[in-house]
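Peer 1: Sharing target.cif (mmCIF, C-alpha atoms and all ligand atoms) below.
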```cif
data_work
loop_
_atom_site.group_PDB
_atom_site.id
_atom_site.type_symbol
_atom_site.label_atom_id
_atom_site.label_comp_id
_atom_site.auth_asym_id
_atom_site.auth_seq_id
_atom_site.Cartn_x
_atom_site.Cartn_y
_atom_site.Cartn_z
ATOM 1 C CA MET C 1408 -5.235 71.536 55.830
ATOM 2 C CA SER C 1409 -6.352 73.382 52.715
ATOM 3 C CA PRO C 1410 -7.957 76.837 53.159
ATOM 4 C CA SER C 1411 -11.716 77.093 53.265
ATOM 5 C CA PRO C 1412 -13.608 78.299 50.130
ATOM 6 C CA ALA C 1413 -14.388 81.589 51.926
ATOM 7 C CA LEU C 1414 -10.709 82.197 52.695
ATOM 8 C CA ARG C 1415 -9.759 81.335 49.103
ATOM 9 C CA THR C 1416 -12.333 83.865 47.863
ATOM 10 C CA LEU C 1417 -10.992 86.566 50.178
ATOM 11 C CA ARG C 1418 -7.422 85.902 49.066
ATOM 12 C CA GLY C 1419 -8.547 86.011 45.440
ATOM 13 C CA LEU C 1420 -10.289 89.350 45.950
ATOM 14 C CA ALA C 1421 -7.254 90.786 47.736
ATOM 15 C CA ALA C 1422 -4.971 89.664 44.894
ATOM 16 C CA ALA C 1423 -7.336 91.100 42.273
ATOM 17 C CA GLY C 1424 -7.507 94.379 44.223
ATOM 18 C CA ALA C 1425 -3.706 94.561 44.395
ATOM 19 C CA VAL C 1426 -3.391 93.930 40.632
ATOM 20 C CA ALA C 1427 -6.089 96.545 39.862
ATOM 21 C CA GLY C 1428 -4.390 99.050 42.196
ATOM 22 C CA ALA C 1429 -1.009 98.458 40.587
ATOM 23 C CA GLY C 1430 -2.584 98.786 37.133
ATOM 24 C CA LEU C 1431 -4.292 102.058 38.029
ATOM 25 C CA THR C 1432 -1.083 103.452 39.514
ATOM 26 C CA THR C 1433 0.837 102.531 36.357
ATOM 27 C CA TYR C 1434 -1.869 104.120 34.206
ATOM 28 C CA ALA C 1435 -1.962 107.266 36.377
ATOM 29 C CA ALA C 1436 1.821 107.624 36.117
ATOM 30 C CA TRP C 1437 1.560 107.256 32.311
ATOM 31 C CA GLU C 1438 -1.257 109.813 32.053
ATOM 32 C CA ALA C 1439 0.772 112.358 34.052
ATOM 33 C CA ARG C 1440 3.216 112.326 31.119
ATOM 34 C CA ALA C 1441 0.576 112.326 28.308
ATOM 35 C CA TYR C 1442 1.016 116.012 27.410
ATOM 36 C CA THR C 1443 -1.873 117.414 25.398
ATOM 37 C CA LEU C 1444 -2.565 120.642 23.533
ATOM 38 C CA ARG C 1445 -6.146 121.798 23.955
ATOM 39 C CA HIS C 1446 -7.753 124.256 21.501
ATOM 40 C CA VAL C 1447 -10.357 126.749 22.700
ATOM 41 C CA SER C 1448 -12.069 129.618 20.905
ATOM 42 C CA VAL C 1449 -13.035 132.745 22.849
ATOM 43 C CA PRO C 1450 -15.163 135.388 21.084
ATOM 44 C CA LEU C 1451 -14.013 138.571 22.781
ATOM 45 C CA LEU C 1452 -12.251 140.697 20.138
ATOM 46 C CA PRO C 1453 -13.948 143.799 18.737
ATOM 47 C CA PRO C 1454 -15.663 143.137 15.408
ATOM 48 C CA GLY C 1455 -13.279 143.272 12.466
ATOM 49 C CA HIS C 1456 -10.108 142.290 14.385
ATOM 50 C CA ARG C 1457 -8.142 139.383 13.047
ATOM 51 C CA PRO C 1458 -8.121 136.311 15.334
ATOM 52 C CA LEU C 1459 -5.216 136.114 17.783
ATOM 53 C CA ARG C 1460 -3.659 132.983 19.240
ATOM 54 C CA VAL C 1461 -2.829 133.006 22.943
ATOM 55 C CA LEU C 1462 -0.801 130.138 24.407
ATOM 56 C CA HIS C 1463 -1.814 129.537 28.032
ATOM 57 C CA LEU C 1464 0.836 127.705 30.070
ATOM 58 C CA SER C 1465 0.387 126.819 33.709
ATOM 59 C CA ASP C 1466 1.613 124.561 36.490
ATOM 60 C CA VAL C 1467 4.653 123.205 34.687
ATOM 61 C CA HIS C 1468 6.213 122.086 38.026
ATOM 62 C CA MET C 1469 9.544 121.423 36.296
ATOM 63 C CA THR C 1470 12.439 119.356 37.587
ATOM 64 C CA PRO C 1471 15.697 118.949 35.623
ATOM 65 C CA GLY C 1472 15.043 115.232 35.093
ATOM 66 C CA GLN C 1473 11.666 115.680 33.334
ATOM 67 C CA THR C 1474 13.125 115.503 29.839
ATOM 68 C CA ARG C 1475 9.934 114.393 28.065
ATOM 69 C CA LYS C 1476 8.075 117.428 29.398
ATOM 70 C CA GLN C 1477 10.980 119.683 28.378
ATOM 71 C CA GLU C 1478 10.947 118.301 24.853
ATOM 72 C CA TRP C 1479 7.158 118.710 24.562
ATOM 73 C CA LEU C 1480 7.358 122.310 25.773
ATOM 74 C CA ARG C 1481 10.120 123.060 23.276
ATOM 75 C CA GLY C 1482 7.801 121.880 20.502
ATOM 76 C CA LEU C 1483 5.147 124.479 21.402
ATOM 77 C CA SER C 1484 7.184 127.268 19.801
ATOM 78 C CA ARG C 1485 6.157 125.783 16.440
ATOM 79 C CA LEU C 1486 2.636 127.091 17.146
ATOM 80 C CA GLU C 1487 3.976 130.654 16.808
ATOM 81 C CA PRO C 1488 1.318 132.155 19.110
ATOM 82 C CA ASP C 1489 0.754 135.888 19.173
ATOM 83 C CA LEU C 1490 0.892 136.046 22.982
ATOM 84 C CA VAL C 1491 1.944 133.756 25.854
ATOM 85 C CA VAL C 1492 0.169 133.811 29.236
ATOM 86 C CA ASN C 1493 1.949 131.950 32.040
ATOM 87 C CA THR C 1494 -0.124 131.523 35.200
ATOM 88 C CA GLY C 1495 2.592 130.198 37.496
ATOM 89 C CA ASP C 1496 3.832 127.117 39.363
ATOM 90 C CA ASN C 1497 6.771 126.764 36.980
ATOM 91 C CA LEU C 1498 9.257 125.209 39.382
ATOM 92 C CA ALA C 1499 9.655 122.066 41.455
ATOM 93 C CA HIS C 1500 13.435 122.088 41.962
ATOM 94 C CA MET C 1501 16.175 124.522 42.933
ATOM 95 C CA ALA C 1502 17.961 124.005 39.600
ATOM 96 C CA SER C 1503 14.917 124.383 37.336
ATOM 97 C CA VAL C 1504 15.112 128.010 36.205
ATOM 98 C CA PRO C 1505 17.582 127.371 33.327
ATOM 99 C CA VAL C 1506 15.602 124.252 32.413
ATOM 100 C CA VAL C 1507 12.357 126.241 32.191
ATOM 101 C CA ARG C 1508 14.122 128.956 30.193
ATOM 102 C CA ASP C 1509 15.569 126.451 27.719
ATOM 103 C CA SER C 1510 12.250 124.591 27.418
ATOM 104 C CA LEU C 1511 10.341 127.781 26.628
ATOM 105 C CA GLY C 1512 13.060 128.769 24.160
ATOM 106 C CA PRO C 1513 11.659 130.962 21.360
ATOM 107 C CA LEU C 1514 8.373 131.459 23.273
ATOM 108 C CA LEU C 1515 10.298 133.906 25.455
ATOM 109 C CA ASP C 1516 10.919 136.063 22.383
ATOM 110 C CA LEU C 1517 7.163 136.549 21.897
ATOM 111 C CA PRO C 1518 4.911 138.991 23.774
ATOM 112 C CA GLY C 1519 4.087 137.438 27.139
ATOM 113 C CA VAL C 1520 2.675 138.061 30.612
ATOM 114 C CA PHE C 1521 3.092 136.113 33.843
ATOM 115 C CA VAL C 1522 2.134 135.742 37.477
ATOM 116 C CA PHE C 1523 3.579 133.338 40.031
ATOM 117 C CA GLY C 1524 2.049 130.570 42.110
ATOM 118 C CA SER C 1525 3.142 129.008 45.376
ATOM 119 C CA ASN C 1526 5.336 126.537 43.464
ATOM 120 C CA ASP C 1527 7.437 129.365 42.102
ATOM 121 C CA TYR C 1528 8.150 130.577 45.632
ATOM 122 C CA PHE C 1529 8.473 127.459 47.811
ATOM 123 C CA ALA C 1530 10.014 124.042 47.224
ATOM 124 C CA PRO C 1531 7.613 121.101 47.111
ATOM 125 C CA SER C 1532 7.565 118.683 50.009
ATOM 126 C CA LEU C 1533 6.360 115.151 50.535
ATOM 127 C CA ARG C 1534 2.736 115.404 51.654
ATOM 128 C CA ASN C 1535 -0.133 112.975 51.710
ATOM 129 C CA PRO C 1536 -1.337 112.813 48.068
ATOM 130 C CA LEU C 1537 -4.892 112.261 49.330
ATOM 131 C CA ARG C 1538 -4.719 115.809 50.682
ATOM 132 C CA TYR C 1539 -5.411 116.918 47.120
ATOM 133 C CA LEU C 1540 -8.746 115.093 47.141
ATOM 134 C CA LEU C 1541 -9.884 116.419 50.486
ATOM 135 C CA PRO C 1542 -11.313 119.835 51.384
ATOM 136 C CA ASP C 1543 -8.683 122.553 51.707
ATOM 137 C CA ASP C 1544 -6.951 122.125 55.081
ATOM 138 C CA GLY C 1545 -5.874 125.776 55.098
ATOM 139 C CA LYS C 1546 -2.200 124.811 55.518
ATOM 140 C CA ARG C 1547 0.139 126.488 53.102
ATOM 141 C CA ASN C 1548 3.457 125.119 51.952
ATOM 142 C CA THR C 1549 5.534 128.109 53.107
ATOM 143 C CA HIS C 1550 7.991 126.387 55.455
ATOM 144 C CA THR C 1551 10.118 124.721 52.802
ATOM 145 C CA PRO C 1552 13.184 126.422 51.265
ATOM 146 C CA GLN C 1553 12.483 129.250 48.845
ATOM 147 C CA LEU C 1554 12.807 128.405 45.181
ATOM 148 C CA PRO C 1555 14.854 130.793 42.965
ATOM 149 C CA TRP C 1556 11.795 132.846 42.058
ATOM 150 C CA ARG C 1557 13.795 136.070 41.749
ATOM 151 C CA GLU C 1558 15.942 134.404 39.090
ATOM 152 C CA LEU C 1559 12.787 133.172 37.324
ATOM 153 C CA ARG C 1560 11.243 136.654 37.477
ATOM 154 C CA SER C 1561 14.423 138.156 35.956
ATOM 155 C CA THR C 1562 14.439 135.471 33.250
ATOM 156 C CA PHE C 1563 10.876 136.289 32.205
ATOM 157 C CA SER C 1564 11.186 140.070 32.642
ATOM 158 C CA ASP C 1565 14.529 140.287 30.834
ATOM 159 C CA ALA C 1566 12.910 138.433 27.933
ATOM 160 C CA GLY C 1567 10.256 141.164 27.792
ATOM 161 C CA TRP C 1568 7.320 139.363 29.418
ATOM 162 C CA LEU C 1569 5.158 141.621 31.575
ATOM 163 C CA ASP C 1570 5.171 140.843 35.303
ATOM 164 C CA LEU C 1571 1.514 141.176 36.420
ATOM 165 C CA THR C 1572 2.191 140.546 40.122
ATOM 166 C CA ASN C 1573 -0.384 142.828 41.768
ATOM 167 C CA ARG C 1574 -0.129 145.289 38.904
ATOM 168 C CA HIS C 1575 -1.482 146.410 35.573
ATOM 169 C CA GLY C 1576 0.143 146.136 32.179
ATOM 170 C CA ALA C 1577 -0.536 146.964 28.548
ATOM 171 C CA LEU C 1578 0.600 145.504 25.228
ATOM 172 C CA GLU C 1579 -0.197 145.929 21.579
ATOM 173 C CA VAL C 1580 -0.228 142.575 19.798
ATOM 174 C CA ALA C 1581 -0.649 142.467 16.017
ATOM 175 C CA GLY C 1582 -2.645 145.691 16.036
ATOM 176 C CA THR C 1583 -4.886 144.744 18.983
ATOM 177 C CA THR C 1584 -4.404 146.592 22.285
ATOM 178 C CA PHE C 1585 -4.546 144.614 25.542
ATOM 179 C CA ALA C 1586 -5.076 145.970 29.064
ATOM 180 C CA PHE C 1587 -3.986 143.499 31.742
ATOM 181 C CA ALA C 1588 -4.357 143.203 35.473
ATOM 182 C CA GLY C 1589 -2.879 140.471 37.624
ATOM 183 C CA VAL C 1590 -2.494 139.410 41.209
ATOM 184 C CA ASP C 1591 0.103 137.470 43.150
ATOM 185 C CA ASP C 1592 -0.956 133.991 44.251
ATOM 186 C CA PRO C 1593 -4.359 134.077 46.006
ATOM 187 C CA HIS C 1594 -3.682 130.575 47.408
ATOM 188 C CA LEU C 1595 -0.974 132.122 49.585
ATOM 189 C CA ASP C 1596 -3.084 135.223 50.284
ATOM 190 C CA TYR C 1597 -0.445 137.179 48.352
ATOM 191 C CA ASP C 1598 -3.069 138.875 46.169
ATOM 192 C CA ARG C 1599 -3.354 142.627 46.692
ATOM 193 C CA LEU C 1600 -6.572 143.245 44.848
ATOM 194 C CA GLU C 1601 -6.720 146.827 46.099
ATOM 195 C CA GLU C 1602 -3.660 147.547 43.926
ATOM 196 C CA VAL C 1603 -5.494 146.611 40.724
ATOM 197 C CA ARG C 1604 -9.164 147.322 41.426
ATOM 198 C CA GLY C 1605 -11.028 149.786 39.271
ATOM 199 C CA PRO C 1606 -12.727 149.714 35.889
ATOM 200 C CA ALA C 1607 -10.748 147.876 33.219
ATOM 201 C CA ASP C 1608 -9.396 150.265 30.581
ATOM 202 C CA PRO C 1609 -12.351 150.943 28.238
ATOM 203 C CA ALA C 1610 -9.980 152.224 25.541
ATOM 204 C CA ALA C 1611 -8.226 148.858 25.124
ATOM 205 C CA ASP C 1612 -9.489 146.354 22.560
ATOM 206 C CA VAL C 1613 -9.185 143.464 25.050
ATOM 207 C CA ARG C 1614 -9.113 143.450 28.858
ATOM 208 C CA LEU C 1615 -7.484 140.340 30.373
ATOM 209 C CA ALA C 1616 -7.031 139.522 34.060
ATOM 210 C CA VAL C 1617 -4.562 136.903 35.239
ATOM 211 C CA ALA C 1618 -4.111 134.980 38.502
ATOM 212 C CA HIS C 1619 -2.569 131.695 39.528
ATOM 213 C CA ALA C 1620 -5.330 130.327 41.774
ATOM 214 C CA PRO C 1621 -8.942 131.110 40.737
ATOM 215 C CA TYR C 1622 -10.353 132.050 44.131
ATOM 216 C CA LEU C 1623 -13.850 133.475 43.916
ATOM 217 C CA ARG C 1624 -12.908 136.783 45.551
ATOM 218 C CA VAL C 1625 -10.465 137.399 42.706
ATOM 219 C CA LEU C 1626 -12.859 136.294 39.968
ATOM 220 C CA ASP C 1627 -15.676 138.408 41.439
ATOM 221 C CA ALA C 1628 -13.451 141.492 41.536
ATOM 222 C CA PHE C 1629 -12.158 141.186 37.983
ATOM 223 C CA ALA C 1630 -15.605 140.386 36.589
ATOM 224 C CA ALA C 1631 -17.105 143.391 38.404
ATOM 225 C CA ASP C 1632 -14.329 145.598 37.000
ATOM 226 C CA GLY C 1633 -15.264 144.674 33.447
ATOM 227 C CA TYR C 1634 -12.452 142.345 32.310
ATOM 228 C CA ASP C 1635 -13.362 140.393 29.185
ATOM 229 C CA ALA C 1636 -11.633 137.244 30.432
ATOM 230 C CA ILE C 1637 -9.818 135.898 33.480
ATOM 231 C CA ILE C 1638 -7.038 133.360 32.937
ATOM 232 C CA ALA C 1639 -5.892 131.079 35.762
ATOM 233 C CA GLY C 1640 -4.358 127.714 36.648
ATOM 234 C CA HIS C 1641 -3.621 126.037 39.995
ATOM 235 C CA THR C 1642 -6.452 123.475 39.981
ATOM 236 C CA HIS C 1643 -4.598 120.844 37.895
ATOM 237 C CA GLY C 1644 -8.123 120.228 36.599
ATOM 238 C CA GLY C 1645 -8.750 118.147 39.700
ATOM 239 C CA GLN C 1646 -5.698 116.005 38.759
ATOM 240 C CA VAL C 1647 -7.397 112.730 39.773
ATOM 241 C CA CYS C 1648 -10.865 112.784 38.171
ATOM 242 C CA LEU C 1649 -13.615 110.231 37.921
ATOM 243 C CA PRO C 1650 -14.359 109.285 34.298
ATOM 244 C CA GLY C 1651 -17.804 110.609 33.430
ATOM 245 C CA VAL C 1652 -17.962 112.681 36.630
ATOM 246 C CA GLY C 1653 -14.939 114.954 36.420
ATOM 247 C CA ALA C 1654 -13.002 116.796 39.084
ATOM 248 C CA LEU C 1655 -13.617 116.181 42.759
ATOM 249 C CA THR C 1656 -11.683 119.213 43.951
ATOM 250 C CA THR C 1657 -10.048 122.424 42.776
ATOM 251 C CA ASN C 1658 -7.739 123.030 45.754
ATOM 252 C CA CYS C 1659 -9.466 126.415 46.166
ATOM 253 C CA ASP C 1660 -13.031 127.700 46.583
ATOM 254 C CA LEU C 1661 -13.942 127.413 42.875
ATOM 255 C CA GLU C 1662 -16.478 124.627 42.406
ATOM 256 C CA PRO C 1663 -15.221 121.434 40.690
ATOM 257 C CA ALA C 1664 -17.514 121.942 37.659
ATOM 258 C CA ARG C 1665 -15.188 124.775 36.582
ATOM 259 C CA ALA C 1666 -11.921 123.015 37.505
ATOM 260 C CA LYS C 1667 -10.671 123.386 33.922
ATOM 261 C CA GLY C 1668 -11.692 124.734 30.559
ATOM 262 C CA LEU C 1669 -13.696 127.725 29.378
ATOM 263 C CA HIS C 1670 -16.652 128.907 31.446
ATOM 264 C CA ARG C 1671 -18.373 132.132 32.434
ATOM 265 C CA HIS C 1672 -17.985 134.007 35.692
ATOM 266 C CA PRO C 1673 -20.319 134.211 37.494
ATOM 267 C CA ALA C 1674 -20.986 130.631 36.438
ATOM 268 C CA ASP C 1675 -24.659 131.177 35.685
ATOM 269 C CA SER C 1676 -24.129 134.367 33.683
ATOM 270 C CA ARG C 1677 -24.102 134.713 29.914
ATOM 271 C CA ASP C 1678 -22.069 136.604 27.370
ATOM 272 C CA GLY C 1679 -23.483 140.141 27.351
ATOM 273 C CA ASP C 1680 -24.770 140.106 30.940
ATOM 274 C CA PRO C 1681 -23.401 143.041 32.977
ATOM 275 C CA GLY C 1682 -20.501 141.848 35.148
ATOM 276 C CA SER C 1683 -20.115 138.574 33.267
ATOM 277 C CA THR C 1684 -16.705 137.526 31.987
ATOM 278 C CA TRP C 1685 -15.006 134.538 30.375
ATOM 279 C CA LEU C 1686 -13.024 132.317 32.723
ATOM 280 C CA HIS C 1687 -10.340 130.004 31.385
ATOM 281 C CA VAL C 1688 -8.721 127.597 33.845
ATOM 282 C CA SER C 1689 -5.837 125.421 32.695
ATOM 283 C CA ALA C 1690 -5.416 121.900 34.046
ATOM 284 C CA GLY C 1691 -1.695 122.601 33.782
ATOM 285 C CA LEU C 1692 1.207 120.496 32.623
ATOM 286 C CA GLY C 1693 2.568 119.105 35.865
ATOM 287 C CA THR C 1694 2.026 117.735 39.299
ATOM 288 C CA SER C 1695 3.957 117.739 42.518
ATOM 289 C CA PRO C 1696 7.096 115.625 41.903
ATOM 290 C CA TYR C 1697 5.963 113.573 44.911
ATOM 291 C CA ALA C 1698 2.622 112.628 43.304
ATOM 292 C CA ARG C 1699 3.206 112.337 39.545
ATOM 293 C CA ILE C 1700 -0.164 110.848 38.794
ATOM 294 C CA ARG C 1701 -3.198 112.010 36.845
ATOM 295 C CA VAL C 1702 -6.421 110.189 36.107
ATOM 296 C CA ALA C 1703 -8.942 111.281 33.445
ATOM 297 C CA CYS C 1704 -7.227 114.685 33.401
ATOM 298 C CA ARG C 1705 -4.432 114.967 30.840
ATOM 299 C CA PRO C 1706 -1.623 117.443 31.482
ATOM 300 C CA GLU C 1707 -2.251 120.300 29.075
ATOM 301 C CA ALA C 1708 -1.338 123.579 27.523
ATOM 302 C CA THR C 1709 -4.090 125.528 25.790
ATOM 303 C CA LEU C 1710 -4.106 127.464 22.562
ATOM 304 C CA LEU C 1711 -6.843 130.057 23.002
ATOM 305 C CA THR C 1712 -7.944 131.568 19.708
ATOM 306 C CA LEU C 1713 -9.442 134.980 20.360
ATOM 307 C CA THR C 1714 -12.060 135.720 17.751
ATOM 308 C CA PRO C 1715 -14.319 138.729 17.108
ATOM 309 C CA ARG C 1716 -17.435 139.029 19.243
ATOM 310 C CA ARG C 1717 -20.739 138.401 17.577
ATOM 311 C CA SER C 1718 -21.950 141.991 17.477
HETATM 312 FE FE FE C 1801 0.326 123.702 40.470
#
```
Since I need it in another form, could you write the structure as structure tokens?
Ligand SMILES: [Fe+2]

Peer 2:
Amino acid sequence: MSPSPALRTLRGLAAAGAVAGAGLTTYAAWEARAYTLRHVSVPLLPPGHRPLRVLHLSDVHMTPGQTRKQEWLRGLSRLEPDLVVNTGDNLAHMASVPVVRDSLGPLLDLPGVFVFGSNDYFAPSLRNPLRYLLPDDGKRNTHTPQLPWRELRSTFSDAGWLDLTNRHGALEVAGTTFAFAGVDDPHLDYDRLEEVRGPADPAADVRLAVAHAPYLRVLDAFAADGYDAIIAGHTHGGQVCLPGVGALTTNCDLEPARAKGLHRHPADSRDGDPGSTWLHVSAGLGTSPYARIRVACRPEATLLTLTPRRS
């Protein structure tokens, strides 16, 4: 007996759904490898200073087998930025430290600063990918083996990059003085804000604060202390976004509207308001190796061009 028209319709819909699902999965796997350089201008230098180029890297989540990502990263040294800011989550494998070092290559010879994220400290594990789309469950991935973060810290520090883990730092870059503050990963509650609170150095030309995860308590503190900009990662820009809508989640308490890109903090403040600062959040270059998908959210590095303020 041949199936009824209703059953044929249901089977047809199921087949179409399976094809669409497979197509979306294939696309999402392709997009996770579609590395993109984003350009952003931030007017925060004192008048008269020459523009400076800051390369913001975040959430690389490197494994030794990710050769396309390694090649793309190696190409970034051609940008010859004045400063590199690395906001953590570099690793996704026990053997990745030399791979990250080789991929960064000449970037390690430039002035740089860094903080770590949870994926520098703890190995990734297979978890429900939908977890990323749901409200934060409060569970932290701290029961997996430790990644070689000490080796990574030595690699960056030995190259001359400033470790901003719950500490201050200062650099002079092409005649412009920077005062930095950073915290350890707020997503793991490793931030020790009390170690870095206090007015940002008024004598510096630029005051930059750095954190892996842009939790509001950290943004509020750095904005109140007078930092010109806060630079962060962690959100993956939402990772799986709806075209025309954007991010559904940030994996922290920052609202999805600021999941990536350049914004103000507080969000409704303006340049020149007391306690208002620039906030740049990178969508990052990677994903968990167990969920290498992105939708409407290209993996990215950002070249921030710091320009003079409009006085
Ligand atoms: Fe990450």

Peer 1: Would you mind listing what lies within 10 Å of Asp1627 of chain C as a count of residues only, with all atoms listed in the file counted and same-chain residues fewer than 5 positions away left out?

Peer 2: 8

Peer 1: Please extract the residues at most 10 Å from ligand FE 1801 (chain C), counting all atoms listed in the file, and provide them as a ChimeraX atom specification, using the chain letters and residue numbers of this document.

Peer 2: /C:1465-1468,1494-1499,1524-1527,1619-1620,1640-1644,1646,1658,1690-1695

Peer 1: The PyMOL selection byres (((chain C and resi 1704) around 7) and not hetatm) - which residues does that actually catch in the file I just gave you? List them as a PyMOL selection string.

Peer 2: chain C and resi 1644+1646-1648+1701-1703+1705-1706

Peer 1: With the PyMOL selection byres (((chain C and resi 1610) around 12) and not hetatm) as the selection, what would be picked from this file? Answer as a PyMOL selection string, please.

Peer 2: chain C and resi 1453+1577+1583-1586+1606-1609+1611-1614

Peer 1: From the options C:His1670, C:Arg1677, C:Arg1699, C:Arg1547, which residue's atoms come nearest to Ser1448 of chain C, counting only C-alpha atoms?

Peer 2: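 The closest residue to Ser1448 of chain C is C:His1670.
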
Peer 1: For Leu1578 of chain C, which of C:Gly1430, C:Gly1519, C:Pro1593, C:Gly1668 is the closest residue, counting only C-alpha atoms?

Peer 2: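 Checking each of C:Gly1430, C:Gly1519, C:Pro1593, C:Gly1668 against Leu1578 of chain C, counting only C-alpha atoms, the winner is C:Gly1519.
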
Peer 1: Using all atoms listed in the file, pick whichever of C:Gly1633, C:Pro1518, C:Pro1681, C:Pro1531 has the shortest atom-to-atom distance to Glu1579 of chain C.

Peer 2: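 Closest to Glu1579 of chain C of all the choices is C:Pro1518.
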
Peer 1: Restricting the calculation to only C-alpha atoms: of C:Leu1649, C:Ala1530, C:Leu1669, C:Leu1661, which residue gets closest to Arg1624 of chain C?

Peer 2: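 With only C-alpha atoms as the atom set, the closest residue is C:Leu1661.
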
Peer 1: Got a sec to resolve the PyMOL selection byres (((chain C and resi 1486) around 10) and not hetatm) on this structure and send the residues as a list in words?

Peer 2: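 On this input, the PyMOL selection byres (((chain C and resi 1486) around 10) and not hetatm) captures Arg1460, Val1461, Leu1462, Gly1482, Leu1483, Ser1484, Arg1485, Glu1487, Pro1488, Asp1489, Leu1514 and Leu1710 of chain C.
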
Peer 1: Could you jot down the atom CA of Tyr1697 of chain C to atom CA of Asp1543 of chain C separation for me, Å, one decimal place?

Peer 2: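 Separating atom CA of Tyr1697 of chain C from atom CA of Asp1543 of chain C is a distance of 18.5 Å.
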
Peer 1: Would you please work out which residue, of C:Val1504, C:Ala1628, C:Met1469, C:Ile1637, is nearest to Ala1616 of chain C when using all atoms listed in the file?

Peer 2: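 The answer is C:Ile1637, which sits nearest to Ala1616 of chain C.
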
Peer 1: Atom CA of His1446 of chain C and atom CA of Gln1477 of chain C are how many Å apart?

Peer 2: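 Calculated distance between atom CA of His1446 of chain C and atom CA of Gln1477 of chain C is 20.5 Å.
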
Peer 1: Which of these, C:Gly1651, C:Leu1686, C:Pro1471, C:Lys1667, has the shortest distance to Glu1707 of chain C once you count all atoms listed in the file?

Peer 2: C:Lys1667

Peer 1: Can you tell me which residues surround Leu1559 of chain C at a distance of at most 12 Å, considering only C-alpha atoms, apart from same-chain residues fewer than 2 positions away, and format the answer as a PDB file with C-alpha atoms, in the frame of the given file?

Peer 2:
```pdb
ATOM      1  CA  GLY C1495       2.592 130.198  37.496  1.00  0.00           C
ATOM      2  CA  ASP C1496       3.832 127.117  39.363  1.00  0.00           C
ATOM      3  CA  ASN C1497       6.771 126.764  36.980  1.00  0.00           C
ATOM      4  CA  LEU C1498       9.257 125.209  39.382  1.00  0.00           C
ATOM      5  CA  MET C1501      16.175 124.522  42.933  1.00  0.00           C
ATOM      6  CA  ALA C1502      17.961 124.005  39.600  1.00  0.00           C
ATOM      7  CA  SER C1503      14.917 124.383  37.336  1.00  0.00           C
ATOM      8  CA  VAL C1504      15.112 128.010  36.205  1.00  0.00           C
ATOM      9  CA  PRO C1505      17.582 127.371  33.327  1.00  0.00           C
ATOM     10  CA  VAL C1506      15.602 124.252  32.413  1.00  0.00           C
ATOM     11  CA  VAL C1507      12.357 126.241  32.191  1.00  0.00           C
ATOM     12  CA  ARG C1508      14.122 128.956  30.193  1.00  0.00           C
ATOM     13  CA  PHE C1521       3.092 136.113  33.843  1.00  0.00           C
ATOM     14  CA  VAL C1522       2.134 135.742  37.477  1.00  0.00           C
ATOM     15  CA  PHE C1523       3.579 133.338  40.031  1.00  0.00           C
ATOM     16  CA  ASN C1526       5.336 126.537  43.464  1.00  0.00           C
ATOM     17  CA  ASP C1527       7.437 129.365  42.102  1.00  0.00           C
ATOM     18  CA  TYR C1528       8.150 130.577  45.632  1.00  0.00           C
ATOM     19  CA  LEU C1554      12.807 128.405  45.181  1.00  0.00           C
ATOM     20  CA  PRO C1555      14.854 130.793  42.965  1.00  0.00           C
ATOM     21  CA  TRP C1556      11.795 132.846  42.058  1.00  0.00           C
ATOM     22  CA  ARG C1557      13.795 136.070  41.749  1.00  0.00           C
ATOM     23  CA  SER C1561      14.423 138.156  35.956  1.00  0.00           C
ATOM     24  CA  THR C1562      14.439 135.471  33.250  1.00  0.00           C
ATOM     25  CA  PHE C1563      10.876 136.289  32.205  1.00  0.00           C
ATOM     26  CA  SER C1564      11.186 140.070  32.642  1.00  0.00           C
ATOM     27  CA  ASP C1565      14.529 140.287  30.834  1.00  0.00           C
ATOM     28  CA  ALA C1566      12.910 138.433  27.933  1.00  0.00           C
ATOM     29  CA  TRP C1568       7.320 139.363  29.418  1.00  0.00           C
ATOM     30  CA  ASP C1570       5.171 140.843  35.303  1.00  0.00           C
TER      31      ASP C1570
END
```

Peer 1: Near Thr1714 of chain C, counting all atoms listed in the file, which residues have an atom at most 9 Å away, once you skip same-chain residues fewer than 2 positions from it, shown as a list in words?

Peer 2: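 Counting all atoms listed in the file, the residues come to Ser1448, Val1449, Pro1450, Leu1451, Leu1452, Pro1453, Pro1454, His1456, Arg1457, Pro1458, Leu1459, Arg1460, Thr1712 and Arg1716 of chain C.
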
Peer 1: Calculate how many Å separate atom CA of Arg1475 of chain C from atom CA of Ala1435 of chain C, rounding to one decimal.

Peer 2: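 Between these atoms lies a distance of 16.2 Å.
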